[in-house]
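Engineer: Once you've had a glance at the structure underneath, I'll fire off some questions.
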Amino acid sequence: MVFDGFRQSFDELLARATKPEERRLVAARMKDTLVQARVGLAEMRDGLDKARQRLALEEKELETVRRRKALAEGINDRETVDIATKYEEMHAERVNVVRQKVAAQEAELTLAERDVAEMTAELKAVMNGTDSRAAAPSIGDVDTEETNASALRDEISSLGRARARAEAESDADRRLEELKRKMGK
């Protein structure tokens, strides 16, 4: 599909947007991606219009060939009928191919329009801060947060032990000073 790359980058941007301070940056990138998708949508519409014009032209040519064939049959011109039959088959085949092309482009355009509408809604949600995917931490972020929390607990525990050691040394120093005073030294 034409917008698979856009959709993938859009989803990646949403998946990475876990912190509120990153939301503006992500929204700007999403907006750029959406602009590119809309340009692609306009190009798809232009291509569809050209295919429809070609279909109309081929249908007109087919009608002309059929009319000429009927006229040749009316005057019993076998050679002209044979040539017209050949061209009728050729133009009929082209009409069928171009019709299939138009149908495929219409279906693709419908899918692309739906994708762009979804991406627009997601961008609005991110800009409003209501998108749950942008607010929820990813699995990698959860692992990082757990690692950070564990390191923080270890550091706090280490500081507690150091404080207890310092208090014990201070208490020992105080007692030693009292003993020295009592003994008169």
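Note on naming: chains are A, B, ... as they come in the structure tokens, residues start from 1 per chain, ligands start from 1 in the order shown.
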Give me the residues within 10 Å of segment 48-55 of chain A as a PDB file with N, CA and C atoms, in the first residue's frame, counting only C-alpha atoms and dropping any in the same chain fewer than 5 places off.
Structural biologist:
ATOM      1  N   ALA A  42      -3.188  13.435  -2.778  1.00  0.00           N
ATOM      2  CA  ALA A  42      -3.497  14.304  -3.923  1.00  0.00           C
ATOM      3  C   ALA A  42      -2.942  13.702  -5.214  1.00  0.00           C
ATOM      4  N   GLU A  43      -1.738  13.128  -5.140  1.00  0.00           N
ATOM      5  CA  GLU A  43      -1.152  12.491  -6.322  1.00  0.00           C
ATOM      6  C   GLU A  43      -1.972  11.272  -6.743  1.00  0.00           C
ATOM      7  N   LYS A  60     -14.618   5.523 -25.905  1.00  0.00           N
ATOM      8  CA  LYS A  60     -15.013   6.278 -27.101  1.00  0.00           C
ATOM      9  C   LYS A  60     -14.435   5.617 -28.352  1.00  0.00           C
ATOM     10  N   GLU A  61     -13.167   5.208 -28.283  1.00  0.00           N
ATOM     11  CA  GLU A  61     -12.528   4.521 -29.410  1.00  0.00           C
ATOM     12  C   GLU A  61     -13.232   3.203 -29.711  1.00  0.00           C
ATOM     13  N   ARG A  94      -8.361  -3.296 -23.887  1.00  0.00           N
ATOM     14  CA  ARG A  94      -7.830  -2.097 -23.221  1.00  0.00           C
ATOM     15  C   ARG A  94      -8.859  -1.513 -22.249  1.00  0.00           C
ATOM     16  N   VAL A  95     -10.113  -1.464 -22.674  1.00  0.00           N
ATOM     17  CA  VAL A  95     -11.173  -0.939 -21.805  1.00  0.00           C
ATOM     18  C   VAL A  95     -11.257  -1.772 -20.534  1.00  0.00           C
ATOM     19  N   ASN A  96     -11.213  -3.102 -20.666  1.00  0.00           N
ATOM     20  CA  ASN A  96     -11.278  -3.961 -19.484  1.00  0.00           C
ATOM     21  C   ASN A  96     -10.092  -3.734 -18.546  1.00  0.00           C
ATOM     22  N   VAL A  97      -8.904  -3.628 -19.119  1.00  0.00           N
ATOM     23  CA  VAL A  97      -7.703  -3.412 -18.304  1.00  0.00           C
ATOM     24  C   VAL A  97      -7.771  -2.059 -17.590  1.00  0.00           C
ATOM     25  N   VAL A  98      -8.155  -1.028 -18.328  1.00  0.00           N
ATOM     26  CA  VAL A  98      -8.224   0.309 -17.729  1.00  0.00           C
ATOM     27  C   VAL A  98      -9.340   0.367 -16.682  1.00  0.00           C
ATOM     28  N   ARG A  99     -10.453  -0.333 -16.898  1.00  0.00           N
ATOM     29  CA  ARG A  99     -11.514  -0.396 -15.885  1.00  0.00           C
ATOM     30  C   ARG A  99     -10.994  -1.036 -14.604  1.00  0.00           C
ATOM     31  N   GLN A 100     -10.242  -2.130 -14.750  1.00  0.00           N
ATOM     32  CA  GLN A 100      -9.659  -2.784 -13.571  1.00  0.00           C
ATOM     33  C   GLN A 100      -8.683  -1.850 -12.861  1.00  0.00           C
ATOM     34  N   LYS A 101      -7.921  -1.126 -13.660  1.00  0.00           N
ATOM     35  CA  LYS A 101      -6.966  -0.171 -13.091  1.00  0.00           C
ATOM     36  C   LYS A 101      -7.706   0.920 -12.304  1.00  0.00           C
ATOM     37  N   VAL A 102      -8.777   1.452 -12.880  1.00  0.00           N
ATOM     38  CA  VAL A 102      -9.570   2.487 -12.211  1.00  0.00           C
ATOM     39  C   VAL A 102     -10.170   1.931 -10.922  1.00  0.00           C
ATOM     40  N   ALA A 103     -10.698   0.709 -10.977  1.00  0.00           N
ATOM     41  CA  ALA A 103     -11.292   0.100  -9.781  1.00  0.00           C
ATOM     42  C   ALA A 103     -10.237  -0.099  -8.688  1.00  0.00           C
ATOM     43  N   ALA A 104      -9.046  -0.561  -9.095  1.00  0.00           N
ATOM     44  CA  ALA A 104      -7.969  -0.757  -8.116  1.00  0.00           C
ATOM     45  C   ALA A 104      -7.532   0.576  -7.509  1.00  0.00           C
ATOM     46  N   GLN A 105      -7.411   1.602  -8.343  1.00  0.00           N
ATOM     47  CA  GLN A 105      -7.003   2.915  -7.836  1.00  0.00           C
ATOM     48  C   GLN A 105      -8.070   3.508  -6.922  1.00  0.00           C
ATOM     49  N   GLU A 106      -9.342   3.288  -7.247  1.00  0.00           N
ATOM     50  CA  GLU A 106     -10.418   3.777  -6.378  1.00  0.00           C
ATOM     51  C   GLU A 106     -10.364   3.089  -5.017  1.00  0.00           C
ATOM     52  N   GLU A 108      -7.713   1.689  -3.630  1.00  0.00           N
ATOM     53  CA  GLU A 108      -6.505   2.135  -2.962  1.00  0.00           C
ATOM     54  C   GLU A 108      -6.687   3.542  -2.387  1.00  0.00           C
ATOM     55  N   LEU A 109      -7.351   4.402  -3.141  1.00  0.00           N
ATOM     56  CA  LEU A 109      -7.620   5.759  -2.663  1.00  0.00           C
ATOM     57  C   LEU A 109      -8.513   5.735  -1.429  1.00  0.00           C
TER      58      LEU A 109
END
Engineer: Could you make a table, as CSV, of the residues of segment 24-78 of chain A that have an atom within 10 Å of an atom of segment 82-91 of chain A, each with its nearest atom pair and distance in Å to one decimal, counting only C-alpha atoms, in chain and number order?
Structural biologist:
residue,atom,partner,partner_atom,distance
A:Glu58,CA,A:His91,CA,6.4
A:Glu59,CA,A:His91,CA,7.7
A:Lys60,CA,A:His91,CA,9.5
A:Glu61,CA,A:His91,CA,7.0
A:Leu62,CA,A:His91,CA,5.4
A:Glu63,CA,A:Glu88,CA,8.5
A:Thr64,CA,A:Glu88,CA,9.0
A:Val65,CA,A:Glu88,CA,5.8
A:Arg66,CA,A:Glu88,CA,6.4
A:Arg67,CA,A:Ala84,CA,9.1
A:Arg68,CA,A:Ala84,CA,6.9
A:Lys69,CA,A:Ala84,CA,5.2
A:Ala70,CA,A:Ala84,CA,9.0
A:Ala72,CA,A:Ala84,CA,8.5
A:Glu73,CA,A:Asp82,CA,9.8
A:Asp77,CA,A:Asp82,CA,8.8
A:Arg78,CA,A:Asp82,CA,6.2
Engineer: Nearest to Gln36 of chain A among A:Met119, A:Val81, A:Leu57, A:Ala172, with distances taken over only C-alpha atoms: which residue is it?
Structural biologist: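 Among the listed residues, A:Met119 lies closest to Gln36 of chain A.
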Engineer: Using atom CA of Val126 of chain A and atom CA of Met30 of chain A as the two end points, give the distance in Å to one decimal.
Structural biologist: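 Separating atom CA of Val126 of chain A from atom CA of Met30 of chain A is a distance of 9.2 Å.
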Engineer: Measure the distance from atom CA of Val26 of chain A to atom CA of Met127 of chain A in Å and round it to one decimal.
Structural biologist: 9.1 Å
